[in-house]
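A quick write-up on the structure given underneath.
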2 protein chains.
Amino acid sequence: MNTNTDLNNVFKNYLLASLPTETFAAIESKLEPVYLGLGEVLYDSNEEMKYLYFPTTAIISMLYIMENGATLEVGMVGNDGLVGIALFMGGSSTPSRSVIQNKGIAFRMKAKEVRREFEKGDVFQQLLLRFTQALITQIAQNAVCNRLHSIEKQLCRWLLFSHDRMESNKMIMTHNFLSGLLGVRREGVTLTIQKLAKRDLIENSRGNITIIDRQGLESISCECYTIVSKEYNRLLGRGISRTFK
Amino acid sequence: MNTNTDLNNVFKNYLLASLPTETFAAIESKLEPVYLGLGEVLYDSNEEMKYLYFPTTAIISMLYIMENGATLEVGMVGNDGLVGIALFMGGSSTPSRSVIQNKGIAFRMKAKEVRREFEKGDVFQQLLLRFTQALITQIAQNAVCNRLHSIEKQLCRWLLFSHDRMESNKMIMTHNFLSGLLGVRREGVTLTIQKLAKRDLIENSRGNITIIDRQGLESISCECYTIVSKEYNRLLGRGISRTFK
DNA sequence: TTGGTTGTGTGTGGTATCATACCTAACGAT
DNA sequence: ATCGTTAGGTATGATACCACACACAACCAA
């Protein structure tokens, strides 16, 4: 794996970065970098998970898919965490589908190795559980946001949360893809994006969204972004959010 | 504690019931029955949890409360599980408030004892984590339901999920309380309940709702109820749902 | 260059849910 | 028995979002 670390630094993943030296040393040789392309399905609904993924530059969306084909993102994971909690929580699968929302690198670890390390019950376990707790907060707050807040507010929240997990200010993202994450119609996304662009908070060109004025987005976004970010900071100690460090 | 078991059987809680004899023996003396009254706050947002609760006849709602006072239930726990996952997941608190939605008994266990037993890393730990995984599914599916489904469908889902955790068909529940759980206006609840009552699926009198035709509710409810119930069965092995055994 | 595909802009009309307001019914306490 | 409080019924108008429909624009491949 050392031959690959130049490709991408494993410590760009905040969970891995916060492991004590000895703990990290124990798992280092088990981490394998993989490139994840936009739209790729990491694992599908109820599919057995074979790997745990620690994203660095990649961002993954956890989607629920309804019988009629409607979809909704329930959680987002990037360099702040890991994908595949069912591997150590039990059950080995979930009803959600994990899709690459932002192409990039992740480091993966085989299911068996994850379980072996987890069962030692040490720092590794504690960190994984703390992250899971943070993820639960994110999912719950998304539930709230879905019920109580306008598309505009939700879009701002989503942009901020993504931005925190990206290296640049520009993301490859179509209105259509985004509509599947927010669980609204494509037209609704188009109109809302136009509104934000008109206020010079973002720039929008075919297939791209660029964050221009982060503070402006924060001022429109609902409290949901703040609540989740603060809880991530509290539980994981290290600031991912560009707002709360 | 043996003097209290006649009051209420500890094995009415499915999690406790599914512990192997030896594991249960190790924690039995640490379980203390408590009566939980309607509307009581088990713990508030960001409050440190001192006990883990295993409900038997009580049902607890996990609520998120917004700055403007709006509330929304993100998860419900009764005899199927436990309340206070942050105790063993890490962080000792969550942004949610836990409120008694259905008065009754729960068995509680001190935080320190929970952690001690959890850290043994045995069946107790595995069961708690599996339950947490099931709870995550519930929260995520609620998020989906909030976005994609009508109040009517959601109310049916809620009634079915509650019913699975109750002993009788009658619940003490006002439209107002319910509106705070579903995150909609009281008037919306009133109208929807009237619709269901007109079709003889439920009976409604001041402060009470009685389930009359469960199958009828299932036929109206969205797929969300089914998905969550099946996942509970898969992860926790024992059927709580009155539909899927 | 052309033609197909994908992404975006826009319009018309429908509907679920909201906000506000007010009234009546049931119940509980004195 | 009465009065205050809480629960529930109903009506009016506003609005956010949806469903459908179609035009156009950017990009890609041959």
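To be explicit about the labels: the chains of the structure tokens are called A, B, and onward in the order shown, and within each one the residues are counted from 1, while ligands get numbers from 1 in the order they are shown.
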Counting only C-alpha atoms, what are the residues of chain B within 6 Å of chain A, and for each of them which pair of atoms is the nearest and at what distance in Å, to one decimal? Sort the table by chain and rising number, as a tab-separated table.
```
residue	atom	partner	partner_atom	distance
B:Val74	CA	A:Ala140	CA	5.9
B:Met89	CA	A:Leu129	CA	5.1
B:Gly90	CA	A:Arg130	CA	5.2
B:Leu129	CA	A:Met89	CA	5.1
B:Arg130	CA	A:Gly90	CA	5.2
B:Ala140	CA	A:Val74	CA	5.9
B:Ala143	CA	A:Ala143	CA	3.7
B:Asn146	CA	A:Arg147	CA	5.2
B:Arg147	CA	A:Asn146	CA	5.2
```
Could you turn the residues from that selection into a file that holds N, CA and C atoms, as a tab-separated table (two decimals), in the first residue's frame?
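So out_5.tsv came out as:
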```tsv
chain	number	residue	atom	x	y	z
B	74	VAL	N	-38.50	11.49	15.28
B	74	VAL	CA	-37.61	10.84	14.33
B	74	VAL	C	-37.56	9.33	14.56
B	89	MET	N	-22.88	4.25	22.41
B	89	MET	CA	-22.29	4.65	21.13
B	89	MET	C	-21.22	5.72	21.34
B	90	GLY	N	-21.37	6.46	22.37
B	90	GLY	CA	-20.42	7.53	22.65
B	90	GLY	C	-21.11	8.87	22.61
B	129	LEU	N	-25.98	-3.28	19.43
B	129	LEU	CA	-25.60	-2.70	18.16
B	129	LEU	C	-26.58	-3.07	17.06
B	130	ARG	N	-27.06	-4.30	17.09
B	130	ARG	CA	-28.05	-4.71	16.10
B	130	ARG	C	-29.32	-3.88	16.25
B	140	ALA	N	-34.18	6.52	9.08
B	140	ALA	CA	-33.97	6.82	7.66
B	140	ALA	C	-35.28	6.69	6.88
B	143	ALA	N	-37.41	9.59	7.38
B	143	ALA	CA	-36.96	10.71	6.56
B	143	ALA	C	-37.58	10.62	5.17
B	146	ASN	N	-41.33	11.33	5.28
B	146	ASN	CA	-41.59	12.75	5.46
B	146	ASN	C	-41.52	13.50	4.13
B	147	ARG	N	-40.62	13.08	3.29
B	147	ARG	CA	-40.46	13.77	2.03
B	147	ARG	C	-41.50	13.35	1.01
```
DSSP on the backbone: what in stretch 96-229 of chain B comes out alpha helix (DSSP H), as number ranges by chain?
B: 111-118, 123-148, 151-163, 175-182, 186-198, 214-220, 224-229
Can those selected residues be exported to a file as a CSV table (one decimal), in the first residue's frame so that it contains C-alpha atoms?
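Final output, selection_15.csv:
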```
chain,number,residue,atom,x,y,z
B,111,ALA,CA,-25.0,4.3,32.6
B,112,LYS,CA,-21.9,2.9,34.2
B,113,GLU,CA,-23.3,-0.6,34.4
B,114,VAL,CA,-24.3,-0.4,30.8
B,115,ARG,CA,-20.9,0.6,29.7
B,116,ARG,CA,-19.2,-2.1,31.8
B,117,GLU,CA,-21.4,-4.8,30.3
B,118,PHE,CA,-21.1,-3.4,26.8
B,123,VAL,CA,-23.8,-10.9,23.1
B,124,PHE,CA,-25.0,-7.9,25.0
B,125,GLN,CA,-22.9,-5.6,22.9
B,126,GLN,CA,-23.9,-7.4,19.7
B,127,LEU,CA,-27.6,-7.1,20.5
B,128,LEU,CA,-27.4,-3.5,21.4
B,129,LEU,CA,-25.6,-2.7,18.2
B,130,ARG,CA,-28.0,-4.7,16.1
B,131,PHE,CA,-30.9,-2.8,17.7
B,132,THR,CA,-29.1,0.5,16.9
B,133,GLN,CA,-28.8,-0.6,13.3
B,134,ALA,CA,-32.6,-1.3,13.2
B,135,LEU,CA,-33.3,2.1,14.7
B,136,ILE,CA,-31.2,3.7,12.0
B,137,THR,CA,-33.4,2.1,9.4
B,138,GLN,CA,-36.4,3.4,11.2
B,139,ILE,CA,-35.1,6.9,11.3
B,140,ALA,CA,-34.0,6.8,7.7
B,141,GLN,CA,-37.3,5.5,6.5
B,142,ASN,CA,-39.1,8.2,8.4
B,143,ALA,CA,-37.0,10.7,6.6
B,144,VAL,CA,-38.1,9.2,3.3
B,145,CYS,CA,-41.7,9.1,4.4
B,146,ASN,CA,-41.6,12.8,5.5
B,147,ARG,CA,-40.5,13.8,2.0
B,148,LEU,CA,-42.4,11.5,-0.3
B,151,ILE,CA,-50.1,12.8,5.8
B,152,GLU,CA,-52.7,10.0,5.5
B,153,LYS,CA,-50.1,7.4,4.5
B,154,GLN,CA,-47.8,8.6,7.3
B,155,LEU,CA,-50.5,8.5,9.9
B,156,CYS,CA,-51.3,4.9,8.9
B,157,ARG,CA,-47.7,4.0,9.2
B,158,TRP,CA,-47.5,5.6,12.6
B,159,LEU,CA,-50.6,3.9,13.9
B,160,LEU,CA,-49.4,0.5,12.8
B,161,PHE,CA,-45.9,1.0,14.2
B,162,SER,CA,-47.4,2.1,17.5
B,163,HIS,CA,-49.9,-0.7,17.5
B,175,HIS,CA,-54.6,15.3,17.7
B,176,ASN,CA,-52.4,17.9,19.1
B,177,PHE,CA,-49.8,15.6,20.5
B,178,LEU,CA,-49.9,13.6,17.3
B,179,SER,CA,-49.4,16.7,15.2
B,180,GLY,CA,-46.2,17.3,17.1
B,181,LEU,CA,-45.0,13.8,16.2
B,182,LEU,CA,-45.9,13.9,12.6
B,186,ARG,CA,-53.3,19.9,14.3
B,187,GLU,CA,-56.0,20.6,11.8
B,188,GLY,CA,-54.3,18.3,9.3
B,189,VAL,CA,-54.3,15.5,11.8
B,190,THR,CA,-58.0,16.1,12.7
B,191,LEU,CA,-59.1,15.9,9.0
B,192,THR,CA,-57.0,12.8,8.3
B,193,ILE,CA,-58.3,11.0,11.4
B,194,GLN,CA,-61.8,11.8,10.4
B,195,LYS,CA,-61.2,10.2,7.0
B,196,LEU,CA,-59.9,7.1,8.5
B,197,ALA,CA,-62.7,7.0,11.1
B,198,LYS,CA,-65.3,7.4,8.3
B,214,ARG,CA,-55.6,-3.1,11.1
B,215,GLN,CA,-55.6,-4.7,7.6
B,216,GLY,CA,-57.4,-1.7,6.2
B,217,LEU,CA,-54.7,0.6,7.6
B,218,GLU,CA,-52.0,-1.6,6.1
B,219,SER,CA,-53.6,-1.3,2.7
B,220,ILE,CA,-53.5,2.5,2.9
B,224,CYS,CA,-42.4,2.4,4.7
B,225,TYR,CA,-44.1,0.4,7.5
B,226,THR,CA,-43.3,-2.9,5.8
B,227,ILE,CA,-39.6,-2.1,5.0
B,228,VAL,CA,-38.9,-1.1,8.6
B,229,SER,CA,-40.8,-4.0,10.2
```
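Within the 12 Å cut-off around C:DA29, using only C-alpha atoms (C1' of nucleotides) and omitting residues fewer than 6 positions from it on the same chain, the listed residues are DT2, DC3, DG4 and DT5 of chain D.
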Residues as selected, N, CA and C atoms (P, O5', C5', C4', C3', O3' and C1' of nucleotides), written as a tab-separated table (two decimals), in the first residue's frame, can you do that?
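Result file result-v3.tsv:
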```tsv
chain	number	residue	atom	x	y	z
D	2	DT	P	-76.08	26.53	36.89
D	2	DT	O5'	-74.53	26.90	36.94
D	2	DT	C5'	-73.95	27.29	38.19
D	2	DT	C4'	-72.50	27.64	37.96
D	2	DT	C3'	-72.21	28.26	36.61
D	2	DT	O3'	-71.37	29.39	36.81
D	2	DT	C1'	-70.81	26.39	36.95
D	3	DC	P	-71.05	30.43	35.63
D	3	DC	O5'	-69.47	30.29	35.58
D	3	DC	C5'	-68.73	30.06	36.79
D	3	DC	C4'	-67.33	29.66	36.41
D	3	DC	C3'	-66.82	30.30	35.12
D	3	DC	O3'	-65.46	30.67	35.31
D	3	DC	C1'	-66.74	27.97	34.90
D	4	DG	P	-64.73	31.66	34.30
D	4	DG	O5'	-63.36	30.87	34.06
D	4	DG	C5'	-62.72	30.24	35.17
D	4	DG	C4'	-61.88	29.09	34.66
D	4	DG	C3'	-61.03	29.43	33.43
D	4	DG	O3'	-59.72	28.94	33.64
D	4	DG	C1'	-62.38	27.54	32.96
D	5	DT	P	-58.57	29.22	32.62
D	5	DT	O5'	-58.35	27.77	32.00
D	5	DT	C5'	-58.35	26.63	32.87
D	5	DT	C4'	-58.31	25.37	32.03
D	5	DT	C3'	-57.42	25.47	30.79
D	5	DT	O3'	-56.61	24.31	30.74
D	5	DT	C1'	-59.57	24.69	30.19
```
Who sits within 10 Å of D:DC28, only C-alpha atoms (C1' of nucleotides), same chain under 6 positions skipped, as a ChimeraX atom specification:
/C:4-6
With the cut-off set at 12 Å and counting only C-alpha atoms (C1' of nucleotides), tabulate each residue of chain C with an atom at most that distance from an atom of chain B, showing the nearest atom pair and its distance in Å to one decimal, ordered by chain and increasing number, as a tab-separated table.
```
residue	atom	partner	partner_atom	distance
C:DT15	C1'	B:Ser150	CA	11.6
C:DA16	C1'	B:Ser150	CA	7.9
C:DT17	C1'	B:Gly188	CA	7.8
C:DC18	C1'	B:Arg185	CA	7.8
C:DA19	C1'	B:Arg185	CA	9.7
C:DT20	C1'	B:Glu187	CA	11.6
C:DA25	C1'	B:Arg206	CA	9.4
C:DA26	C1'	B:Arg206	CA	7.4
C:DC27	C1'	B:Arg206	CA	9.5
```
I need the residues of stretch 38-233 of chain B that end up classed as strand (DSSP E) by DSSP on the backbone, written out as a PyMOL selection string.
chain B and resi 41-43+51-55+59-65+71-77+97-102+104-110+170-172+202-205+208-211
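Relative to atom CA of B:Leu15, atom CA of B:Asp80 is found at 6.4 Å.
Minimum distance to chain D across B:Gly37, B:Gly237, B:Gly207, B:Gly81 (counting only C-alpha atoms (C1' of nucleotides)) occurs at B:Gly207.
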From the list A:Lys103, A:Arg199, A:Arg242, A:His149, which residue is nearest chain D when using only C-alpha atoms (C1' of nucleotides)?
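Among the listed residues, A:His149 lies closest to chain D.
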What is the distance between atom CA of A:Glu22 and atom CA of A:Tyr51, in Å to one decimal?
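Those two atoms sit 22.2 Å apart.
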Per residue of chain D within 9 Å of chain B, note the shortest atom pair and the distance in Å to one decimal, counting only C-alpha atoms (C1' of nucleotides), and order the rows by chain and increasing residue number, as JSON lines.
```
{"residue": "D:DA7", "atom": "C1'", "partner": "B:Arg206", "partner_atom": "CA", "distance": 6.4}
{"residue": "D:DG8", "atom": "C1'", "partner": "B:Arg206", "partner_atom": "CA", "distance": 7.4}
{"residue": "D:DG9", "atom": "C1'", "partner": "B:Thr190", "partner_atom": "CA", "distance": 8.1}
```
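Atom C1' of D:DC18 is positioned 10.5 Å from atom C1' of C:DG13.
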